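Please read the structure below before turning to the comments.
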Amino acid sequence: MRFFSLRQTSRVVLLSIGASLTLTLSAQAATVAPAVAQTSNPAGQNTVDRLTPANSTDGIVALVNENAILKSELVDAITQTQARARAAGEPIANSAQLQSEVLNALILRELQLSMVKRVGLSPDETEINQRLAQIAQSQGLNSISALQQRLDAARPGSYAALRAQLIEDAAIQELQQRQISRRVRISEQDIDAFLASPEAKRLNQSEYQTVHVRVPYIDDYSRLSAAQREEALKVAQDLRTRLLEPNVNVSEAVAASQGSYPIPIQGGDMGFHKAASLPTELSSKITNLDIGAVSEPLLTPEGIDIVKLADKKASDTMLIPQWHTRHILVKVDELQTDALAEQKINDLYEQLRNGADFAALASTYSDDPGSAGRGGDLDWVSEEDMVAPFEATMKNTAVGDYSAPFKTQFGWHILKVDGKRQQDVSEQYRRNMARQALYQRLAPQAQEDWLQELRAGAYIQVLG
């Protein structure tokens with residue numbers, strides 16, 4: 001059985017196909033043939049045989065190219081969907097629409113898994129184990145083996161099924177990323193245009209201390225009289241005048257403006273926040289204010305807002321640590337066992353201790369073709385550029401020194417740190433964030449187009 005996750009958001013059912021992007025099922029359902037058998041009643045009208053665990057006898061409900069989707073898979077998927085919806089506080093009825101949406105999701109998943117098999121995608125075992133470790137930790141367990149024991153004790157084979165699910169999800173995610181990245185083209189000119197837009201202001205790293213207060217309406221805005229609207233605006237304007245005073249005590253200003261107004265004024269000093277965490281509708285106004293300035297009263301459906309920029313911590317530069325690193329790699333593969341690789345790296349380590357030149361040894365013996373020709377030089381390395389064991393060893397190695405042999409998923413290493421610096425990557429960061437924002441904007445449509453093409457090129461038969 002293949003597994004998938006489903007959640008309901010704002011009355012739209014979404015199928016999680018992989019870990020990075022979601023597919024809106026309701027938008028796809030219209031293109032799917034009926035997902036369940038239909039029979040005719042005496043009046044000549046079609047009625048739906050709703051699938052449930054009680055009435056499900058296994059059989060094929062759909063053919064997808066050379067593969068079949070079983071009724072039991074559809075029933076299990078519907079059950080999981082409903083369970084997740086109930087957990088989210090938005091239960092879903094077992095309707096014909098739900099069955100059609102879930103079957104469509106299974107069809108699309110089957111098509112993607114077939115493509116995964118054709119192109120030979122194989123997720124990294126380390127990534128799968130990390131995900132399993134996270135699941136174990138979330139259940140209060142300290143190891144993957146403890147998770148396996150708990151799952152299999154409750155239901156034999158559950159751990160293997162979970163691992164298979166995670167492998168499929170990771171493979172589909174990688175497939176989607178490949179397909180979508182080919183379709184989403186973002187030029188440097190696109191990035192320049194985005195950075196010149198008001199939206200890009202949310203990418204800056206400055207922190208803003210804001211005073212945000214609201215004068216709530218006495219009633220729903222549509223039912224307010226002109227006098228009531230005028231009263232709320234008068235309170236807001238009085239409060240704005242008080243907040244313009246330097247070094248104002250916000251609580252005292254709010255209390256003084258409250259007067260006889262029947263609804264308590266809300267808000268106060270909100271502390272420091274980065275622009276990206278400010279409310280979207282207010283961020284452009286706040287980032288344009290000078291320190292000490294107060295916005296004009298802002299009319300909203302809930303009340304009248306006043307915002308003061310009390311202070312700002314400018315952070316136009318982003319400094320990150322970098323290490324100028326070299327390494328020697330001895331790979332473990334079908335031609336070289338782990339024991340042989342360990343013996344070889346230890347021999348090289350002894351040569352280093354006896355005064356051998358690191359760059360010369362790397363050029364001669366390293367199995368990393370990308371750096372061996374440069375004496376093992378990896379250039380400047382930032383945090384999270386390398387796998388965790390490499391980064392940890394690099395951080396604990398003094399400048400000018402080399403490490404003891406250590407192992408990663410790629411084999412055995414010795415690294416040397418030639419230098420360390422603080423590098424300003426502010427512009428690179430802003431451009432990367434802009435690229436990511438543009439990608440997130442364009443990716444959903446690119447994904448939908450790709451899935452439609454994938455479906456159009458497939459043989460799909462829904463069986464009644």
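Lettering and numbering for the structure tokens are positional, with chains as A, B, ... in the shown order, residues counted from 1 in each chain, and ligands counted from 1 in the shown order.
Close contacts of Gln436 of chain A, defined as residues with an atom at most 10 Å away when counting only C-alpha atoms, with chain neighbours fewer than 6 positions off set aside, comprise Ile186, Ile191, Arg430 and Leu442 of chain A.
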| query | What lies within 12 Å of segment 144-146 of chain A using only C-alpha atoms, ignoring chain neighbours under 6 positions off, as a list of chain:residue names? | reply | A:Ile128, A:Asn129, A:Gln130, A:Arg131, A:Leu132, A:Ala133, A:Gln134, A:Ile135, A:Ala136, A:Gln137, A:Ser138, A:Asp152, A:Ala153, A:Tyr159, A:Ala160, A:Leu162, A:Arg163
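By only C-alpha atoms, and with residues fewer than 3 positions from Ser181 of chain A along its chain excluded, the set lying at most 10 Å from it is Leu175, Gln176, Gln177, Arg178, Val184, Arg185, Ile186, Tyr439, Ala443, Ala446 and Gln447 of chain A.
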Output of the above residues as a PDB file, in the first residue's frame, restricted to C-alpha atoms:
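selection30.pdb, written as the output of this step:
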ATOM      1  CA  LEU A 175      11.124  14.682  -8.791  1.00  0.00           C
ATOM      2  CA  GLN A 176       8.854  17.713  -8.355  1.00  0.00           C
ATOM      3  CA  GLN A 177      11.777  19.987  -7.592  1.00  0.00           C
ATOM      4  CA  ARG A 178      13.540  18.852 -10.755  1.00  0.00           C
ATOM      5  CA  VAL A 184      10.394  28.282 -13.506  1.00  0.00           C
ATOM      6  CA  ARG A 185      12.896  30.639 -15.073  1.00  0.00           C
ATOM      7  CA  ILE A 186      13.986  33.604 -12.940  1.00  0.00           C
ATOM      8  CA  TYR A 439      10.005  30.862  -7.143  1.00  0.00           C
ATOM      9  CA  ALA A 443       5.963  27.200  -8.592  1.00  0.00           C
ATOM     10  CA  ALA A 446       4.282  25.287 -12.890  1.00  0.00           C
ATOM     11  CA  GLN A 447       3.449  22.229 -10.783  1.00  0.00           C
TER      12      GLN A 447
END
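As for atom CA of Gly59 of chain A and atom CA of Arg155 of chain A, they are spaced 23.7 Å apart.
With atom CA of His324 of chain A on one side and atom CA of Arg374 of chain A on the other, the separation reads 13.0 Å.
Restricting the calculation to only C-alpha atoms, the smallest distance between Ser283 of chain A and any of A:Thr325, A:Thr397, A:Thr210, A:Gln99 is found for A:Thr210.
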| query | Using only C-alpha atoms, which of the listed residues (A:Gln322, A:Thr287, A:Ser114, A:Thr393) sits closest to Gln423 of chain A? | reply | A:Gln322
| message | Neighbouring residues of Tyr365 of chain A were defined as those with any atom within 9 Å, considering only C-alpha atoms; residues of the same chain fewer than 5 positions away were excluded. Please report them as a count of residues only. | response | 6
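The two atoms in question, atom CA of Val307 of chain A and atom CA of Gln209 of chain A, are spaced 10.3 Å apart.
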| Pick from A:Ser100, A:Glu302, A:Ala161, A:Leu340, whichever lies nearest to Gln148 of chain A using only C-alpha atoms | A:Ala161
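The residue that comes closest to Ala256 of chain A, out of A:Ala200, A:Val235, A:Ile92, A:Ile306 and on the basis of only C-alpha atoms, is A:Val235.
With only C-alpha atoms as the atoms that count, the minimum distance from Val294 of chain A to the choices A:Ile60, A:Met115, A:Ala404, A:Leu244 is reached by A:Leu244.
For the residues A:Ser143, A:Leu63, A:Leu299, A:Pro198, ranking by smallest atom-to-atom distance to Tyr221 of chain A using only C-alpha atoms places A:Leu299 first.
Residues surrounding Gly375 of chain A within 12 Å are Thr325, Arg326, His327, Ile328, Leu329, Asp357, Phe358, Ala359, Ala360, Leu361, Ala362, Ser363, Thr364, Tyr365, Ser366, Asp367, Asp368, Pro369, Gly370, Leu415 and Lys416 of chain A [only C-alpha atoms; sequence separation below 5 positions excluded].
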Give me every helix (DSSP H, G or I) residue in segment 122-167 of chain A, going by DSSP on the backbone, as a PDB file with C-alpha atoms, in the first residue's frame.
ATOM      1  CA  GLU A 125      19.429   7.136   3.233  1.00  0.00           C
ATOM      2  CA  THR A 126      20.802   9.740   5.635  1.00  0.00           C
ATOM      3  CA  GLU A 127      17.831  12.019   4.907  1.00  0.00           C
ATOM      4  CA  ILE A 128      15.373   9.169   5.522  1.00  0.00           C
ATOM      5  CA  ASN A 129      17.074   8.246   8.791  1.00  0.00           C
ATOM      6  CA  GLN A 130      17.008  11.869   9.918  1.00  0.00           C
ATOM      7  CA  ARG A 131      13.264  12.016   9.276  1.00  0.00           C
ATOM      8  CA  LEU A 132      12.725   8.767  11.176  1.00  0.00           C
ATOM      9  CA  ALA A 133      14.801  10.146  14.058  1.00  0.00           C
ATOM     10  CA  GLN A 134      12.599  13.250  14.120  1.00  0.00           C
ATOM     11  CA  ILE A 135       9.477  11.091  14.250  1.00  0.00           C
ATOM     12  CA  ALA A 136      10.985   9.025  17.064  1.00  0.00           C
ATOM     13  CA  GLN A 137      11.869  12.175  19.012  1.00  0.00           C
ATOM     14  CA  SER A 138       8.364  13.586  18.549  1.00  0.00           C
ATOM     15  CA  ILE A 144      15.046   4.771  15.438  1.00  0.00           C
ATOM     16  CA  SER A 145      15.249   1.221  16.794  1.00  0.00           C
ATOM     17  CA  ALA A 146      12.928   2.200  19.649  1.00  0.00           C
ATOM     18  CA  LEU A 147      10.478   3.612  17.093  1.00  0.00           C
ATOM     19  CA  GLN A 148      10.652   0.370  15.109  1.00  0.00           C
ATOM     20  CA  GLN A 149       9.955  -1.720  18.205  1.00  0.00           C
ATOM     21  CA  ARG A 150       6.953   0.411  19.179  1.00  0.00           C
ATOM     22  CA  LEU A 151       5.410   0.422  15.710  1.00  0.00           C
ATOM     23  CA  ASP A 152       5.904  -3.267  15.030  1.00  0.00           C
ATOM     24  CA  ALA A 153       4.627  -4.187  18.494  1.00  0.00           C
ATOM     25  CA  ALA A 154       1.397  -2.342  17.753  1.00  0.00           C
ATOM     26  CA  SER A 158       4.277  -0.820  10.421  1.00  0.00           C
ATOM     27  CA  TYR A 159       7.864   0.396  10.582  1.00  0.00           C
ATOM     28  CA  ALA A 160       8.678  -0.968   7.133  1.00  0.00           C
ATOM     29  CA  ALA A 161       5.528   0.671   5.761  1.00  0.00           C
ATOM     30  CA  LEU A 162       6.459   4.001   7.346  1.00  0.00           C
ATOM     31  CA  ARG A 163       9.980   3.846   5.945  1.00  0.00           C
ATOM     32  CA  ALA A 164       8.634   2.983   2.496  1.00  0.00           C
ATOM     33  CA  GLN A 165       6.259   5.952   2.714  1.00  0.00           C
ATOM     34  CA  LEU A 166       9.079   8.335   3.617  1.00  0.00           C
ATOM     35  CA  ILE A 167      11.225   7.030   0.757  1.00  0.00           C
TER      36      ILE A 167
END
